[in-house]
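Notes for the one structure printed next.
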Amino acid sequence: EESQKWVLMVTAQTPTNIAVIKYWGKRDETLILPVNDSISVTLDPEHLCTTTTVSVSPAFDQDRMWLNGKEISLSGGRFQSCLREIRSRATDVHDKEKGIKITKKDWEKLNVHIASYNNFPTAAGLASSAAGFACLVFALSKLMNANEDHSQLSAIARRGSGSACRSLYGGFVKWIMGKDEKGTDSLAVQLADEKHWDELVIVIAVVSSQQKETSSTTGMRDTVETSLLLQHRAKEVVPKRILKMEEAIKNRDFASFAQLACTDSNQFHAVCLDTCPPIFYMNDTSHRQASFLNLIISLVEKWNRAAGTPQVAYTFDAGPNAVLIARNRETAALLVQKLLFCFPPKSDADLNSFVLGDKSI
Ligand code: 2P0
């Protein structure tokens, strides 16, 4: 049938984000509501990003999704929540060029096909789910003409993966934990845009692209159930740290920024260690790689002390990779030099493991 032949598509690209005040622990697992606020930096769009194409056609008989070319199931609650939330906000779409008219009512029956690609290792602690769900929700909102602002969309992306809500904005972003038990006020806001502090350079040393052993979801659940340190962190430590970090970002105060980011990363790993059974994200890899990660901390700590004021901040997530934030381009160049000197790559392939946040360095 002629009317069955059309396809409407939207493609979007979303970078991942790196938390400098970490999210770890949920107060509601279904709605994905966190136990504390978090703050992150969104990377440049050309590095570590997800590209997602969403399409709709009357010829599609079910919702389907492909990730990196392989079909994956959409039956999980997280995908279903995102799809349902966006569908319920769909409005009329009129593509005059193609002569296509879709009414709000049509969207309830139409199925979508989703193709998503990550240009970095999936599930190796490089926040692939963050870029992925943010991109999916954004692309669907454009396709279905859901007229929600970025904060509203962030609350939907949050239902896919907590950290995803922070990737709806560039620059520095805060995920406000919210108070509402339905989660309507648990969303992301932009603290400063990408131009505000653009001398910072982020260097990511991808130590292993292997999938991590403990998923964030399981890890967080164990932590919430067993760690007393987490309760102290969420109630006493993070609220004060968030205020200080917001101030540091506003004033481009690298000394405070670095001190807060490093301390928070260390406390996140301490909380993991305080979990029963303990979670070792930094050592959950080969001996050589674990030594590398731990040596990076010493290298940065020594360098910062010798310089008299912080030059580089480190932050480690739930995977065997080091994220280093240099105060400017000169420092970033020196940092890469130091990393290569201390940890000479064994082969050319190893060299690729230094992903630079700035192409020109
Ligand atoms: C963060 N991480 O703030 C923290 C720091 C890992 C360490 O957010 O269960 O994949 O999907 O909400 O978002 C990883 O957790 O977990 C994470 P879910 P998510 O970036």
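Residues in the structure tokens are named by chain (A, B, ... in the order shown) and by number from 1 within that chain; ligands are numbered from 1 in the order shown.
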
**OP:** Collect all residues with atoms no farther than 7 Å from ligand 1, counting only C-alpha atoms and all ligand atoms, and output them as a list in words.
**Re:**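 Every residue with an atom at most 7 Å from ligand 1 is listed here: Ile18, Ala19, Ile21, Lys22, Tyr23, Trp24, Ile32, Ser38, Ala127, Ser129, Ala130, Gly160, Ser161, Gly162, Ser163, Ala164, Ser216, Thr217, Asp317 and Ala318 of chain A.
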
**OP:** Once DSSP has gone over the backbone, tell me which residues of segment 178-299 of chain A are in strand (DSSP E), as a PyMOL selection string.
**Re:** chain A and resi 187-192+201-206

**OP:** For Ala59 of chain A, list every protein, DNA or RNA residue within 9 Å, evaluated using only C-alpha atoms, and leave out those in the same chain fewer than 5 positions away; present the list as a PyMOL selection string.
**Re:** chain A and resi 4-7+110-111

Write the selection just made, keeping C-alpha atoms, as a PDB file, in the first residue's frame?
```pdb
ATOM      1  CA  GLN A   4       2.817   2.354   4.086  1.00  0.00           C
ATOM      2  CA  LYS A   5       5.981   3.334   2.241  1.00  0.00           C
ATOM      3  CA  TRP A   6       7.224   6.335   4.133  1.00  0.00           C
ATOM      4  CA  VAL A   7       9.906   6.475   6.827  1.00  0.00           C
ATOM      5  CA  LEU A 110       3.299   3.553  15.386  1.00  0.00           C
ATOM      6  CA  ASN A 111       6.495   1.592  16.054  1.00  0.00           C
TER       7      ASN A 111
END
```

**OP:** Compile the contact shell of Ala326 of chain A as a PyMOL selection string: residues with an atom at most 7 Å away, counting only C-alpha atoms, same-chain residues fewer than 3 positions apart removed.
**Re:** chain A and resi 200-202+311-313+331-332

Original post:
Which parts of segment 224-339 of chain A does DSSP call helix (DSSP H, G or I) when run on the backbone here, written out as a VMD selection string?
Top reply: chain A and resid 224 to 226 228 to 250 254 to 273 287 to 307 329 to 339

Pick out the residues sitting within 8 Å of Leu48 of chain A, and hand them over as a CSV table (one decimal) with C-alpha atoms, in the first residue's frame; count only C-alpha atoms, and ignore anything fewer than 3 positions along from it in its own chain.
```csv
chain,number,residue,atom,x,y,z
A,15,PRO,CA,28.7,13.1,24.3
A,16,THR,CA,29.3,11.3,27.5
A,43,LEU,CA,32.9,16.1,26.9
A,45,PRO,CA,30.8,16.1,21.0
A,118,ASN,CA,29.2,4.3,20.5
A,119,ASN,CA,32.6,5.5,19.3
A,120,PHE,CA,34.2,4.1,22.5
```

**OP:** Go through A:Ala261, A:Leu324, A:Val112, A:Cys82 and flag the residue nearest Phe138 of chain A, using only C-alpha atoms for the distances.
**Re:**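 Smallest separation from Phe138 of chain A among the options: A:Cys82.
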
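The interatomic distance for the pair atom CA of Thr103 of chain A and atom CA of Gln62 of chain A works out to 18.7 Å.
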
Original post:
For Ala205 of chain A, which residue among A:Gly308, A:His47, A:Leu293, A:Ser81 is the nearest when counting only C-alpha atoms?
Top reply: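 Checking each candidate against Ala205 of chain A, we get A:Leu293 as the closest.
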
Subject >> Separation of atom CA of Arg221 of chain A from atom CA of Tyr281 of chain A in Å >> reply: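 Between atom CA of Tyr281 of chain A and atom CA of Arg221 of chain A the gap works out to 15.2 Å.
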
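The gap separating atom CA of Arg87 of chain A from atom CA of Thr52 of chain A is 17.4 Å, in Å to one decimal.
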
**OP:** Write out as a PyMOL selection string each polymer residue whose atoms come within 8 Å of Lys26 of chain A, counting only C-alpha atoms; drop sequence neighbours fewer than 2 positions from it.
**Re:** chain A and resi 24+28-29+32-35+220-221+224

Original post:
Can you tell me, as a PyMOL selection string, what residues are no more than 12 Å from Glu71 of chain A when counting only C-alpha atoms, ignoring any on the same chain fewer than 3 positions away?
Top reply: chain A and resi 63-68+74+113-117

Could you take the residues named above and write them with C-alpha atoms, as an mmCIF file, in the first residue's frame?
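Contents of part-v3.cif, freshly written:
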```cif
data_model
loop_
_atom_site.group_PDB
_atom_site.id
_atom_site.type_symbol
_atom_site.label_atom_id
_atom_site.label_comp_id
_atom_site.auth_asym_id
_atom_site.auth_seq_id
_atom_site.Cartn_x
_atom_site.Cartn_y
_atom_site.Cartn_z
ATOM 1 C CA ASP A 63 9.734 -1.368 18.302
ATOM 2 C CA ARG A 64 13.292 -2.593 17.602
ATOM 3 C CA MET A 65 16.805 -1.458 18.469
ATOM 4 C CA TRP A 66 20.351 -2.146 17.250
ATOM 5 C CA LEU A 67 23.412 -1.227 19.327
ATOM 6 C CA ASN A 68 26.694 -1.094 17.411
ATOM 7 C CA LEU A 74 13.906 -3.429 24.172
ATOM 8 C CA HIS A 113 13.389 1.494 14.909
ATOM 9 C CA ILE A 114 16.484 2.715 16.740
ATOM 10 C CA ALA A 115 20.120 2.367 15.625
ATOM 11 C CA SER A 116 22.786 3.487 18.051
ATOM 12 C CA TYR A 117 26.601 3.553 17.815
#
```
